[in-house]
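Student: My file is structure_10.txt. It has compact mmCIF, C-alpha atoms:
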# COMPACT_ATOMS: atom_id res chain seq x y z
CA MET A 199 177.24 12.64 120.78
CA THR A 200 174.59 10.88 122.88
CA ALA A 201 172.40 12.14 125.68
CA HIS A 202 174.59 10.33 128.22
CA ASP A 203 177.48 12.67 127.35
CA HIS A 204 175.60 15.72 128.61
CA THR A 205 175.20 15.10 132.34
CA HIS A 206 176.75 18.50 133.04
CA VAL A 207 173.67 20.15 131.53
CA ARG A 208 171.25 17.33 132.41
CA PRO A 209 171.88 16.72 136.12
CA TRP A 210 168.97 14.29 136.29
CA ARG A 211 171.18 11.84 134.38
CA ALA A 212 174.04 12.03 136.87
CA ILE A 213 174.76 9.08 139.18
CA ALA A 214 176.99 9.76 142.18
CA ARG A 215 178.83 6.52 142.91
CA ARG A 216 179.32 5.53 146.51
CA PRO A 217 182.93 6.22 147.58
CA SER A 218 184.83 2.98 148.10
CA ARG A 219 188.37 1.74 148.48
CA LYS A 220 190.02 0.53 145.30
CA ILE A 221 191.40 -2.99 145.14
CA ARG A 222 192.90 -5.07 142.36
CA VAL A 223 191.73 -8.34 140.90
CA GLY A 224 194.83 -9.24 138.96
CA THR A 225 195.29 -6.45 136.43
CA VAL A 226 191.76 -5.12 136.88
CA GLU A 227 190.92 -2.33 139.32
CA VAL A 228 187.68 -2.61 141.28
CA GLY A 229 186.15 0.20 143.32
CA GLY A 230 187.09 3.84 143.72
CA ASP A 231 186.98 5.63 140.39
CA ALA A 232 187.52 2.46 138.34
CA PRO A 233 184.87 1.53 135.77
CA ILE A 234 182.21 -0.87 137.01
CA THR A 235 183.38 -4.29 135.87
CA VAL A 236 181.23 -7.08 134.42
CA GLN A 237 181.73 -10.69 135.47
CA SER A 238 180.38 -14.12 134.66
CA MET A 239 181.16 -17.66 135.73
CA THR A 240 182.05 -20.79 133.77
CA ASN A 241 179.72 -23.78 133.96
CA THR A 242 182.00 -26.36 132.37
CA ARG A 243 183.74 -29.00 134.47
CA THR A 244 186.82 -27.14 135.67
CA ALA A 245 188.87 -30.33 135.53
CA ASP A 246 188.26 -30.24 131.76
CA ALA A 247 190.75 -27.46 131.14
CA ALA A 248 190.20 -27.32 127.38
CA ALA A 249 186.42 -26.88 127.68
CA THR A 250 186.80 -24.30 130.42
CA ILE A 251 189.39 -22.31 128.47
CA ASP A 252 187.12 -22.37 125.42
CA GLN A 253 184.23 -20.95 127.44
CA ILE A 254 186.47 -18.29 129.01
CA ARG A 255 187.54 -17.27 125.50
CA ARG A 256 183.89 -16.78 124.52
CA LEU A 257 183.31 -14.70 127.64
CA GLU A 258 186.37 -12.58 126.88
CA GLU A 259 185.09 -11.95 123.36
CA ALA A 260 181.74 -10.86 124.82
CA GLY A 261 183.55 -8.30 126.97
CA ALA A 262 183.95 -10.00 130.35
CA ASP A 263 186.37 -8.13 132.61
CA ILE A 264 186.67 -10.94 135.19
CA VAL A 265 185.64 -14.61 135.06
CA ARG A 266 184.88 -16.85 138.04
CA VAL A 267 185.74 -20.55 137.95
CA SER A 268 184.45 -23.08 140.47
CA CYS A 269 187.03 -25.21 142.29
CA PRO A 270 185.07 -28.00 144.00
CA ASP A 271 187.83 -30.64 144.10
CA GLU A 272 191.55 -31.26 143.71
CA ASP A 273 191.19 -32.12 140.02
CA SER A 274 189.77 -28.63 139.49
CA THR A 275 192.57 -26.79 141.27
CA ALA A 276 195.10 -28.98 139.44
CA ALA A 277 193.62 -27.82 136.12
CA PHE A 278 193.33 -24.23 137.32
CA ALA A 279 197.01 -23.47 136.68
CA THR A 280 196.64 -24.36 132.99
CA ILE A 281 193.40 -22.39 132.73
CA ALA A 282 194.85 -19.29 134.43
CA LYS A 283 197.82 -19.21 132.06
CA ALA A 284 195.53 -19.34 129.04
CA ALA A 285 193.06 -16.70 130.25
CA LYS A 286 193.42 -13.08 129.16
CA VAL A 287 191.27 -11.80 132.02
CA PRO A 288 191.75 -12.31 135.77
CA LEU A 289 190.16 -15.43 137.22
CA VAL A 290 188.33 -15.75 140.52
CA ALA A 291 188.46 -19.17 142.16
CA ASP A 292 185.08 -20.04 143.66
CA ILE A 293 185.61 -21.88 146.94
CA HIS A 294 182.98 -23.67 149.01
CA PHE A 295 183.34 -26.06 151.95
CA HIS A 296 186.97 -27.03 151.36
CA TYR A 297 189.32 -24.25 152.44
CA LYS A 298 192.30 -26.18 151.06
CA ARG A 299 190.94 -25.63 147.56
CA GLY A 300 191.38 -21.91 148.19
CA ILE A 301 195.02 -22.39 149.13
CA GLU A 302 195.60 -24.58 146.08
CA ALA A 303 193.87 -22.09 143.77
CA ALA A 304 195.96 -19.20 145.09
CA LYS A 305 199.10 -21.16 144.28
CA ALA A 306 197.70 -22.04 140.85
CA GLY A 307 197.30 -18.44 139.72
CA ALA A 308 193.90 -17.21 140.92
CA ALA A 309 193.64 -13.42 140.98
CA CYS A 310 190.91 -13.54 143.61
CA LEU A 311 189.42 -16.12 145.98
CA ARG A 312 185.68 -16.14 146.53
CA ILE A 313 184.84 -17.64 149.90
CA ASN A 314 181.40 -18.16 151.41
CA PRO A 315 181.46 -17.46 155.16
CA GLY A 316 178.54 -19.78 155.71
CA ASN A 317 180.39 -22.90 154.62
CA ILE A 318 184.14 -22.24 154.56
CA GLY A 319 184.61 -23.44 158.13
CA SER A 320 186.22 -22.13 161.29
CA PRO A 321 188.02 -18.78 161.65
CA ASP A 322 191.30 -20.73 161.67
CA ARG A 323 190.57 -22.06 158.20
CA VAL A 324 189.66 -18.59 156.98
CA ARG A 325 192.99 -17.36 158.37
CA GLU A 326 194.85 -19.97 156.33
CA VAL A 327 193.06 -18.81 153.19
CA ILE A 328 194.01 -15.21 154.04
CA ALA A 329 197.66 -16.22 154.37
CA ALA A 330 197.59 -17.95 150.99
CA ALA A 331 195.95 -14.92 149.36
CA ARG A 332 198.57 -12.60 150.81
CA ASP A 333 201.45 -14.84 149.78
CA HIS A 334 200.25 -15.10 146.18
CA GLY A 335 198.89 -11.60 145.59
CA CYS A 336 195.21 -12.56 145.53
CA SER A 337 192.31 -10.40 146.56
CA ILE A 338 189.32 -11.97 148.33
CA ARG A 339 185.58 -11.73 147.83
CA ILE A 340 183.46 -12.41 150.87
CA GLY A 341 180.41 -13.91 149.21
CA VAL A 342 177.40 -13.98 151.52
CA ASN A 343 174.33 -15.79 150.21
CA ALA A 344 170.88 -15.80 151.81
CA GLY A 345 170.61 -19.51 151.10
CA SER A 346 173.69 -20.50 153.09
CA LEU A 347 173.91 -18.26 156.14
CA GLU A 348 175.68 -19.46 159.28
CA PRO A 349 173.44 -21.42 161.70
CA HIS A 350 174.02 -19.02 164.60
CA LEU A 351 172.80 -16.10 162.52
CA LEU A 352 169.69 -17.96 161.40
CA GLU A 353 169.00 -18.78 165.04
CA ARG A 354 169.55 -15.16 166.05
CA TYR A 355 167.44 -13.56 163.32
CA GLY A 356 164.93 -16.36 162.80
CA GLU A 357 165.23 -16.47 159.01
CA PRO A 358 167.39 -15.18 156.16
CA CYS A 359 167.07 -11.39 156.15
CA PRO A 360 169.14 -8.33 155.18
CA GLU A 361 170.36 -7.81 158.72
CA ALA A 362 171.66 -11.37 159.00
CA MET A 363 173.43 -11.13 155.65
CA VAL A 364 175.12 -7.84 156.54
CA GLN A 365 176.16 -9.18 159.94
CA SER A 366 177.74 -12.21 158.28
CA ALA A 367 179.62 -9.98 155.87
CA LEU A 368 180.89 -7.62 158.56
CA ASP A 369 181.94 -10.48 160.86
CA HIS A 370 184.13 -11.96 158.17
CA ALA A 371 185.42 -8.60 157.00
CA LYS A 372 186.64 -8.07 160.56
CA ILE A 373 188.64 -11.29 160.40
CA LEU A 374 190.40 -10.01 157.27
CA GLN A 375 190.91 -6.58 158.79
CA ASP A 376 192.25 -8.04 162.04
CA HIS A 377 194.89 -9.79 159.92
CA ASP A 378 195.72 -6.51 158.19
CA PHE A 379 194.27 -7.79 154.91
CA HIS A 380 192.29 -5.13 153.08
CA GLU A 381 192.25 -6.34 149.46
CA PHE A 382 188.69 -7.59 149.65
CA LYS A 383 185.23 -6.93 148.27
CA ILE A 384 181.88 -8.16 149.52
CA SER A 385 178.64 -9.44 148.05
CA VAL A 386 175.35 -10.04 149.89
CA LYS A 387 173.13 -11.82 147.41
CA ALA A 388 169.65 -13.30 147.60
CA SER A 389 167.23 -14.58 144.99
CA ASP A 390 164.66 -12.22 146.48
CA VAL A 391 165.03 -8.76 144.93
CA PHE A 392 163.78 -6.89 148.01
CA MET A 393 166.16 -8.71 150.35
CA THR A 394 169.08 -8.19 147.98
CA VAL A 395 168.54 -4.45 147.61
CA ALA A 396 167.97 -3.90 151.34
CA ALA A 397 171.11 -5.87 152.25
CA TYR A 398 173.32 -3.90 149.86
CA GLN A 399 171.86 -0.60 151.03
CA GLN A 400 172.70 -1.45 154.63
CA LEU A 401 176.16 -2.79 153.76
CA ALA A 402 177.00 0.29 151.69
CA GLU A 403 176.51 2.42 154.81
CA ALA A 404 178.51 0.11 157.06
CA ILE A 405 181.80 -0.42 155.21
CA ASP A 406 183.93 1.25 152.53
CA CYS A 407 185.16 -1.79 150.61
CA PRO A 408 184.10 -2.38 146.98
CA LEU A 409 180.79 -4.17 146.53
CA HIS A 410 180.14 -7.00 144.08
CA VAL A 411 176.45 -6.65 143.17
CA GLY A 412 174.05 -9.26 141.89
CA VAL A 413 170.71 -10.99 142.39
CA THR A 414 171.65 -14.62 142.86
CA GLU A 415 169.83 -17.50 141.17
CA ALA A 416 167.70 -14.98 139.30
CA GLY A 417 166.26 -17.56 136.89
CA ALA A 418 166.15 -18.20 133.14
CA THR A 419 167.16 -15.61 130.56
CA ARG A 420 163.95 -13.55 130.43
CA THR A 421 162.84 -13.70 134.07
CA GLY A 422 166.41 -13.52 135.37
CA THR A 423 167.13 -10.48 133.25
CA VAL A 424 164.04 -8.70 134.57
CA LYS A 425 164.85 -9.49 138.22
CA SER A 426 168.48 -8.47 137.75
CA ALA A 427 167.56 -5.24 135.99
CA ILE A 428 165.18 -4.28 138.79
CA GLY A 429 167.47 -5.19 141.69
CA MET A 430 170.87 -4.31 140.27
CA GLY A 431 169.49 -1.33 138.38
CA SER A 432 168.04 0.14 141.58
CA LEU A 433 171.37 -0.21 143.36
CA LEU A 434 173.51 1.07 140.51
CA TRP A 435 171.20 4.04 140.02
CA ALA A 436 171.78 4.84 143.70
CA GLY A 437 175.54 4.64 143.13
CA ILE A 438 175.99 1.26 144.85
CA GLY A 439 178.09 -1.34 143.04
CA ASP A 440 181.66 -1.63 141.80
CA THR A 441 181.51 -4.94 139.94
CA ILE A 442 178.46 -6.93 138.81
CA ARG A 443 177.41 -10.42 137.85
CA VAL A 444 174.03 -11.28 136.33
CA SER A 445 173.13 -14.81 137.45
CA LEU A 446 171.15 -16.56 134.73
CA ALA A 447 170.27 -20.19 134.09
CA ALA A 448 171.57 -19.67 130.55
CA ASP A 449 174.73 -19.49 128.49
CA PRO A 450 177.20 -17.42 130.57
CA VAL A 451 177.78 -15.19 127.55
CA GLU A 452 174.20 -13.97 128.02
CA GLU A 453 175.15 -12.80 131.52
CA ILE A 454 177.83 -10.54 130.06
CA LYS A 455 175.45 -9.14 127.45
CA VAL A 456 172.76 -8.39 130.03
CA GLY A 457 175.30 -6.90 132.43
CA PHE A 458 176.54 -4.45 129.83
CA ASP A 459 172.98 -3.64 128.78
CA ILE A 460 172.10 -2.72 132.38
CA LEU A 461 175.17 -0.50 132.67
CA LYS A 462 174.57 1.07 129.25
CA SER A 463 170.97 1.89 130.14
CA LEU A 464 172.24 3.90 133.12
CA GLY A 465 175.09 5.51 131.25
CA LEU A 466 177.62 3.85 133.55
CA ARG A 467 179.52 1.84 130.97
CA HIS A 468 179.48 1.77 127.20
CA ARG A 469 180.45 -1.17 124.99
CA GLY A 470 179.25 -2.04 121.55
CA VAL A 471 176.30 -0.67 119.59
CA ASN A 472 173.34 0.56 121.63
CA ILE A 473 170.30 0.13 119.37
CA VAL A 474 167.33 2.39 120.07
CA ALA A 475 164.31 0.81 118.39
CA CYS A 476 160.57 1.36 118.40
CA PRO A 477 158.23 -1.55 119.23
CA SER A 478 156.63 -1.09 115.77
CA CYS A 479 153.01 -0.47 114.86
CA ALA A 480 150.77 -0.06 111.81
CA ARG A 481 152.66 3.13 110.86
CA GLN A 482 155.97 1.30 110.32
CA GLY A 483 157.50 1.67 106.88
CA PHE A 484 159.48 -1.58 107.19
CA ASP A 485 159.63 -4.67 109.42
CA VAL A 486 161.25 -3.10 112.49
CA ILE A 487 161.41 -6.23 114.64
CA LYS A 488 163.07 -8.42 112.01
CA THR A 489 165.44 -5.60 111.05
CA VAL A 490 166.59 -5.02 114.63
CA GLU A 491 167.11 -8.74 115.22
CA THR A 492 169.24 -8.94 112.08
CA LEU A 493 171.25 -5.83 112.98
CA GLU A 494 171.93 -7.06 116.51
CA ALA A 495 173.45 -10.23 115.07
CA ARG A 496 175.36 -8.45 112.30
CA LEU A 497 176.82 -5.83 114.67
CA ALA A 498 177.65 -8.09 117.61
CA HIS A 499 181.36 -8.02 116.69
CA ILE A 500 181.66 -4.28 117.29
CA SER A 501 182.92 -3.33 120.75
CA THR A 502 183.30 0.40 120.07
CA PRO A 503 180.67 2.34 122.05
CA MET A 504 178.20 3.98 119.68
CA SER A 505 174.47 4.43 119.14
CA LEU A 506 172.05 3.45 116.39
CA SER A 507 168.34 4.30 116.11
CA ILE A 508 165.94 2.17 114.06
CA ILE A 509 162.48 3.73 114.06
CA GLY A 510 159.58 2.63 111.90
CA CYS A 511 158.06 6.01 111.07
CA VAL A 512 158.56 9.78 111.20
CA VAL A 513 156.61 10.37 114.44
CA ASN A 514 159.62 9.82 116.72
CA GLY A 515 162.28 8.83 114.20
CA PRO A 516 163.90 12.25 113.60
CA GLY A 517 163.94 13.03 117.32
CA GLU A 518 165.58 9.74 118.24
CA ALA A 519 168.08 10.08 115.39
CA LEU A 520 169.07 13.48 116.76
CA MET A 521 170.71 11.71 119.71
CA THR A 522 172.39 8.79 117.91
CA ASP A 523 175.48 8.33 115.75
CA VAL A 524 173.56 6.59 112.96
CA GLY A 525 169.81 6.45 112.46
CA PHE A 526 167.19 5.14 110.06
CA THR A 527 163.59 6.29 109.99
CA GLY A 528 160.93 4.59 107.92
CA GLY A 529 159.09 6.61 105.31
CA GLY A 530 156.97 5.69 102.34
CA LYS A 531 157.31 4.09 98.93
CA GLY A 532 159.76 1.44 100.14
CA ALA A 533 162.45 3.81 101.41
CA GLY A 534 163.51 5.65 104.55
CA MET A 535 165.84 8.40 105.70
CA VAL A 536 169.38 7.76 106.94
CA TYR A 537 170.67 10.11 109.65
CA LEU A 538 174.33 10.67 110.46
CA ALA A 539 175.36 12.48 113.66
CA GLY A 540 171.75 13.51 114.20
CA LYS A 541 171.14 15.06 110.79
CA ALA A 542 169.16 13.79 107.81
CA ASP A 543 171.76 12.71 105.25
CA HIS A 544 170.29 10.59 102.47
CA LYS A 545 167.48 8.22 101.55
CA MET A 546 167.90 4.45 101.31
CA ASP A 547 165.66 1.71 99.93
CA ASN A 548 164.31 -0.63 102.61
CA ASP A 549 165.55 -3.73 100.81
CA ARG A 550 169.14 -2.45 101.00
CA MET A 551 169.02 -0.76 104.38
CA VAL A 552 170.52 -3.53 106.53
CA ASP A 553 173.72 -3.92 104.53
CA HIS A 554 173.96 -0.15 104.20
CA ILE A 555 173.52 0.47 107.95
CA VAL A 556 176.04 -2.23 108.85
CA GLY A 557 178.55 -0.55 106.55
CA LEU A 558 177.89 2.87 108.09
CA VAL A 559 178.22 1.57 111.65
CA GLU A 560 181.43 -0.30 110.87
CA ALA A 561 182.88 2.81 109.23
CA LYS A 562 181.90 4.98 112.19
CA ALA A 563 183.42 2.47 114.62
CA ALA A 564 186.68 2.50 112.64
CA GLU A 565 186.67 6.30 112.69
CA LEU A 566 186.16 6.42 116.46
CA GLU A 567 188.89 3.84 117.07
CA ALA A 568 191.32 5.76 114.85
CA ALA A 569 190.61 8.94 116.81
CA LYS A 570 191.37 7.13 120.08
CA ALA A 571 194.68 5.66 118.92
CA PRO A 572 196.84 8.81 119.35
CA LEU A 573 195.38 9.41 122.81
CA GLN A 574 196.12 5.84 123.90
CA ALA A 575 199.65 6.05 122.51
CA ALA A 576 200.28 9.21 124.54
CA GLU A 577 199.26 7.58 127.83
When written as structure tokens, how does the structure in this file appear?

Tutor:
Amino acid sequence: MTAHDHTHVRPWRAIARRPSRKIRVGTVEVGGDAPITVQSMTNTRTADAAATIDQIRRLEEAGADIVRVSCPDEDSTAAFATIAKAAKVPLVADIHFHYKRGIEAAKAGAACLRINPGNIGSPDRVREVIAAARDHGCSIRIGVNAGSLEPHLLERYGEPCPEAMVQSALDHAKILQDHDFHEFKISVKASDVFMTVAAYQQLAEAIDCPLHVGVTEAGATRTGTVKSAIGMGSLLWAGIGDTIRVSLAADPVEEIKVGFDILKSLGLRHRGVNIVACPSCARQGFDVIKTVETLEARLAHISTPMSLSIIGCVVNGPGEALMTDVGFTGGGKGAGMVYLAGKADHKMDNDRMVDHIVGLVEAKAAELEAAKAPLQAAE
């Protein structure tokens, strides 16, 4: 059992999520007491249905709960019906500029329509999108972006700022509410971490709908991960956020991996093997860095939540192993100690440790899944 399972005796680990209304994105619940969902977005040409479906499949395998697909033209919405039928997760149609694409996407099977208030057009056009969403059982995401705020708000506030973003979001939420449409969530994203966090903090106080959290256009894998972890991590730690998307200039699968890593680090969501590893030093009894890289690749197929510690020496190794399902601590003479459920169990030669650990983790995952099966059958 890991440290995250003991919040009742370690209150400093507890995160009190902001109360919010629960909505549905297809079969997936968002908000309320539902798990925080992880999203990404395809970057293939949507009109190429085969390529888009292939990328969605990879995202599903990585654990994506929801996938967004851009619909910039009629060819895209024409292909959307085929894509939606093939997808195992709900799809969000990303709509900019052309409100008719939103109507077409709703008819084609979108579970949610993402509209940007800054470029979707007049209130009348927004109303037509609302009608299409209602008719076809879609939810809506109001997606405010600091880079595309409405001209009158930029004139009023002088520049993109948290107050302008929140005002844009609330103005368009009111349109939905005035039409008795409440199946919506909101995002207020900026590439600036400070602006993003401030905007979400203000919005969280102003409305009770679910919030889609993210730092937009965060950058390449390393820098974008850091910015996202700082901004999104701050908000999630404060209980703000019901669904997340990490925006990276990288393979969309990386967005899902980083998203789950952020949630796992806060104990908010668990998927796959969480590897606790030391940075290595002259005391290491084996090549920690190479071993961890190999184990990450070898264990990527496991979705069962569990923990593994790989520590180079006995300074912190036994203590870290105490809190993990499986552990390995480097020793001397080409061997180390294997820990199971926090207790020293047996020694293993370094040259055989990787295969041995993979086998132990796979066996533990199978055991945990078998234990869950009767509970799931009873539900």

Student: What is the distance, in Å and to one decimal place, between atom CA of Ala247 of chain A and atom CA of Ser268 of chain A?

Tutor: 12.1 Å

Student: Please, what distance in Å, to one decimal, runs between atom CA of Ala416 of chain A and atom CA of Met430 of chain A?

Tutor: 11.2 Å

Student: Nearest to Ile509 of chain A: which of A:Gly457, A:Gly483, A:Pro408, A:Gly300 is it, counting all atoms listed in the file?

Tutor: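 The closest residue to Ile509 of chain A is A:Gly483.
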
Student: Record the distance separating atom CA of Gly316 of chain A and atom CA of Ser385 of chain A, expressed in Å with one decimal.

Tutor: 12.9 Å

Student: Can you list every residue of segment 376-442 of chain A that has an atom at most 10 Å from segment 224-230 of chain A, with its nearest atom pair and the distance in Å to one decimal, using all atoms listed in the file, ordered by chain then number, as a tab-separated table?

Tutor:
residue	atom	partner	partner_atom	distance
A:Phe382	CA	A:Val228	CA	9.8
A:Lys383	CA	A:Val228	CA	8.6
A:Asp406	CA	A:Gly229	CA	9.5
A:Cys407	CA	A:Gly229	CA	7.6
A:Pro408	CA	A:Gly229	CA	4.9
A:Leu409	CA	A:Gly229	CA	7.6
A:His410	CA	A:Val228	CA	9.2
A:Gly439	CA	A:Gly229	CA	8.2
A:Asp440	CA	A:Gly229	CA	5.1
A:Thr441	CA	A:Val228	CA	6.7

Student: Taking into account all atoms listed in the file, which residue in the set A:Ile301, A:Ala309, A:Ile555, A:Val386 is nearest to Val327 of chain A?

Tutor: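 Answer, going by the shortest atom-to-atom distance: A:Ile301.
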
Student: Using all atoms listed in the file, pick whichever of A:Arg469, A:His499, A:Arg219, A:Arg266 has the shortest atom-to-atom distance to Thr240 of chain A.

Tutor: A:Arg266

Student: Just need the box for segment 351-370 of chain A, edges along x, y and z, holding every atom the file lists for it with 4 Å tacked onto each side, so centre and edge lengths in Å to one decimal, as AutoDock Vina command-line options.

Tutor:
--center_x 174.5 --center_y -13.2 --center_z 160.6 --size_x 27.2 --size_y 19.2 --size_z 18.9

Student: Taking 2 positions as the minimum chain separation for residues in the same chain, which residues sit within 12 Å of Ala285 of chain A when counting only C-alpha atoms? Answer as a ChimeraX atom specification.

Tutor: /A:224,247-248,250-259,262-267,278-283,287-290,307-309

Student: Restricting the calculation to only C-alpha atoms: of A:Ser505, A:Glu560, A:Ala571, A:Gln237, which residue gets closest to Lys455 of chain A?

Tutor: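 Going through A:Ser505, A:Glu560, A:Ala571, A:Gln237 one by one, the smallest distance to Lys455 of chain A is for A:Gln237.
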
Student: Nearest to Gln400 of chain A: which of A:Leu352, A:Lys425, A:Pro360, A:Asp376 is it, counting only C-alpha atoms?

Tutor: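 Answer, going by the shortest atom-to-atom distance: A:Pro360.
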
Student: Rank A:His334, A:Lys562, A:Lys541, A:Lys462 by their smallest atom-to-atom distance to Trp435 of chain A, using only C-alpha atoms, and report the top residue only.

Tutor: A:Lys462

Student: Using all atoms listed in the file, list the residues that have an atom at most 6 Å from (194.9, -14.9, 144.6), coordinates as in the file, as a ChimeraX atom specification.

Tutor: /A:304,308-311,331,334-337

Student: Please, which residues are within 12 Å of (174.1, 14.0, 106.9) by the file's coordinates, counting only C-alpha atoms, and could they come as a ChimeraX atom specification?

Tutor: /A:519-520,523-526,535-545,558
